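Working notes for the structure below.
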Amino acid sequence: MTTALDPSLYVRLPRLSVEAGLDLARALLPLVPSRPSPGIELTAKALAVALAALEAAVGAHGKPGPHPTGRDTDVRLDHAWRSIHARLSTWTIFPPDDPNRRCAEALLERLFSTGLDFLELHYLAEHAQSEQRLRLIDAEGPTSELDRLVGHPFVEELFDAHAAYGVALGITEPTVTSEPKALLGEPLRMLTEAIVAHAVQLLAFAGLSPDHLEPARRALEPIAALHATARRHE
């Protein structure tokens, strides 16, 4: 039975840095379907164990807490998105039939349908949500409208801040780290294998029933977002 999910997208991962591997695992675990199959339960537990092992290995080498650089770029990206939202919202002072107000409200709905809550997500999950919104801008072509209603410097800062965030997380460019590769390479490999095994079980789960397709798709979204980001920056 086919699942409408492309298995090759989920079982072949881009090369992961330690930081990207940690964030991907942390993003996947909270998305386990509420009624998982026995196979998913097993792979989720194995993923949690592999995550803890890599975290312990990183901690053993005295590496600072998660993403010291990422925190700075996270704040920068948050400010950029909040500025875009605020400047679009200012158009609501005009009458409801004002063309600029209607355009601004349409952009608010497309880019902020759930408000700004995505800025409170964990690093990788926030990056994935930001990436989705930038892909929407590219696909629907409202950049010129954003430029006009928000101002080009603000739009440019948004794209620059997102790119810097991806670099800091080790997603769009390799992050230069000081960890001994021989000591972190093996737990990273084990974590990567655990992620792939978990993806395989989610794909199998999706094929069991049409009702399972969307829960599986949501549970696999961090992997899809990682691939989309990698393609965007090729």
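In the structure tokens, chains take the letters A, B, ... in the order shown, each chain's residues start at 1, and ligands count up from 1 in the order shown.
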
Residue list (alpha helix (DSSP H), DSSP) for region 64-147 of chain A, as a PyMOL selection string
chain A and resi 68-89+99-111+123-140+143-147

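Summary of the local environment: counting only C-alpha atoms, residues at most 8 Å from Val155 (chain A), other than itself and those fewer than 5 positions away along its chain, are Ile84, Thr143, Leu146, Asp147 and Val150 of chain A.
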
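Shell of region 86-100 of chain A at 10 Å, with only C-alpha atoms counted and residues fewer than 4 places along the chain excluded, is Ala80, Trp81, Arg82, Ala104, Glu105, Ala106, Leu107, Leu108, Glu145, Leu146, Arg148, Leu149, Val150, Gly151 and Phe154 of chain A.
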
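Excluding Arg12 (chain A) itself and same-chain residues fewer than 3 positions from it, the residues having an atom within 8 Å of it are Ser8, Leu9 and Val196 of chain A, counting only C-alpha atoms.
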
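Our summary of the geometry notes that CA of Ser17 (chain A) is positioned 15.6 Å from CA of Gly59 (chain A).
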
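CA of Asp23 (chain A) sits 12.1 Å away from CA of Ala52 (chain A).
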
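The list of residues with at least one atom within 12 Å of Arg76 (chain A), based on only C-alpha atoms and without residues fewer than 2 positions apart in the same chain, reads Thr69, Gly70, Arg71, Asp72, Thr73, Asp74, Asp78, His79, Ala80, Trp81, Arg82, Ser83, Leu119, Phe154, Glu157, Leu158, Phe159, Asp160, Ala161, His162, Ala163, Ala164, Tyr165 and Ala168 of chain A.
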
Find the spatial neighbours of Pro33 (chain A), counting only C-alpha atoms, within a cut-off of 8 Å - ignore same-chain residues fewer than 6 positions away - and output them as a list in words.
Pro215, Ala216 and Ala219 of chain A

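Candidate residues A:Pro36, A:Ala199, A:Ala50, A:Gly166 were compared for distance to Glu221 (chain A), and the nearest is A:Ala199, using only C-alpha atoms.
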